[in-house]
Amino acid sequence: MSIGRLSEHERRILAEVERELCRDHRLDRALRTFRPGPGPGLARLASYRPRALTVALLCALAVTLMVTGIVTSEPGAIWAFAAVWPVTLFAVFRLLCRWTEG
């Protein structure tokens with residue numbers, strides 16, 4: 001949008017908003033140090049807070065896949081267990097950390 005299209009009143013309001021934004025030091029620092037990452041990043045993963053029901057369902061799924069893999073020796077069941085098990089361990093760990101925080 002071109003500033004030439006704004007009325008005098010709108011230009012004054014815009015100038016006042018810009019002055020107020022320039023005075024905000026926290027905003028200025030945040031904008032100077034802001035570096036968008038390629039993805040969600042480790043901070044978002046570390047802040048994951050699973051619920052007890054989610055962890056219980058993951059544990060039940062992992063145990064079911066483990067038993068199925070042992071009994072049938074199907075590669076699909078074994079690979080599914082291999083994919084679910086680390087996620088389950090991480091969720092259990094995060095839940096235990098949350099419970100022991102406070």
# chains A, B, ... in the order shown; residues from 1 in each chain; ligands from 1
>>> residues_around(residues="A:Ala62", least_positions_apart="3", cutoff="6 Å", atoms="only C-alpha atoms", output="list of chain:residue names")
A:Cys59, A:Leu65, A:Phe81, A:Trp85
>>> residues_around(residues="A:Val67", least_positions_apart="6", cutoff="12 Å", atoms="only C-alpha atoms", output="short mmCIF file (atom, residue, chain, number, x, y, z; two decimals) with N, CA, C and O atoms, in the first residue's frame")
data_model
loop_
_atom_site.label_atom_id
_atom_site.label_comp_id
_atom_site.auth_asym_id
_atom_site.auth_seq_id
_atom_site.Cartn_x
_atom_site.Cartn_y
_atom_site.Cartn_z
N ALA A 60 -0.11 -49.57 25.94
CA ALA A 60 -0.93 -50.72 25.54
C ALA A 60 -0.64 -51.12 24.10
O ALA A 60 -0.52 -52.31 23.78
N LEU A 61 -0.51 -50.13 23.23
CA LEU A 61 -0.19 -50.41 21.83
C LEU A 61 1.19 -51.05 21.70
O LEU A 61 1.37 -52.02 20.95
N SER A 73 6.24 -63.45 14.62
CA SER A 73 7.51 -63.15 13.94
C SER A 73 7.29 -62.43 12.60
O SER A 73 8.09 -62.56 11.67
N GLU A 74 6.20 -61.71 12.50
CA GLU A 74 5.90 -60.93 11.29
C GLU A 74 6.77 -59.68 11.26
O GLU A 74 6.82 -58.93 12.25
N ALA A 77 4.82 -56.39 12.14
CA ALA A 77 4.55 -56.17 13.56
C ALA A 77 5.82 -55.74 14.29
O ALA A 77 5.78 -54.88 15.18
N ILE A 78 6.94 -56.35 13.93
CA ILE A 78 8.21 -56.00 14.58
C ILE A 78 8.60 -54.56 14.25
O ILE A 78 9.03 -53.80 15.12
N ALA A 80 6.55 -52.17 13.32
CA ALA A 80 5.59 -51.27 13.98
C ALA A 80 5.96 -51.07 15.44
O ALA A 80 5.90 -49.96 15.97
N PHE A 81 6.35 -52.16 16.11
CA PHE A 81 6.81 -52.03 17.49
C PHE A 81 8.05 -51.16 17.58
O PHE A 81 8.17 -50.31 18.48
#
>>> atom_distance(atom1="atom CA of A:Leu14", atom2="atom CA of A:Asp28")
17.7 Å
>>> residues_around(residues="stretch 89-101 of chain A", least_positions_apart="6", cutoff="7 Å", atoms="only C-alpha atoms", output="JSON, numbers by chain")
{"A": [49, 50, 55]}
>>> write_last_selection(atoms="N, CA, C and O atoms", output="mmCIF file, in the first residue's frame")
data_model
loop_
_atom_site.group_PDB
_atom_site.id
_atom_site.type_symbol
_atom_site.label_atom_id
_atom_site.label_comp_id
_atom_site.auth_asym_id
_atom_site.auth_seq_id
_atom_site.Cartn_x
_atom_site.Cartn_y
_atom_site.Cartn_z
ATOM 1 N N ARG A 49 3.895 -32.121 26.517
ATOM 2 C CA ARG A 49 3.378 -32.548 27.807
ATOM 3 C C ARG A 49 2.241 -33.553 27.582
ATOM 4 O O ARG A 49 1.087 -33.165 27.466
ATOM 5 N N PRO A 50 2.578 -34.849 27.540
ATOM 6 C CA PRO A 50 1.551 -35.854 27.255
ATOM 7 C C PRO A 50 0.602 -36.032 28.441
ATOM 8 O O PRO A 50 0.956 -35.784 29.591
ATOM 9 N N VAL A 55 -0.363 -41.709 27.293
ATOM 10 C CA VAL A 55 0.752 -42.596 27.633
ATOM 11 C C VAL A 55 0.252 -44.018 27.860
ATOM 12 O O VAL A 55 0.881 -44.985 27.416
#
>>> atom_distance(atom1="atom CA of A:Arg32", atom2="atom CA of A:Arg19")
17.1 Å
>>> atom_distance(atom1="atom CA of A:Leu53", atom2="atom CA of A:Gly76")
25.7 Å
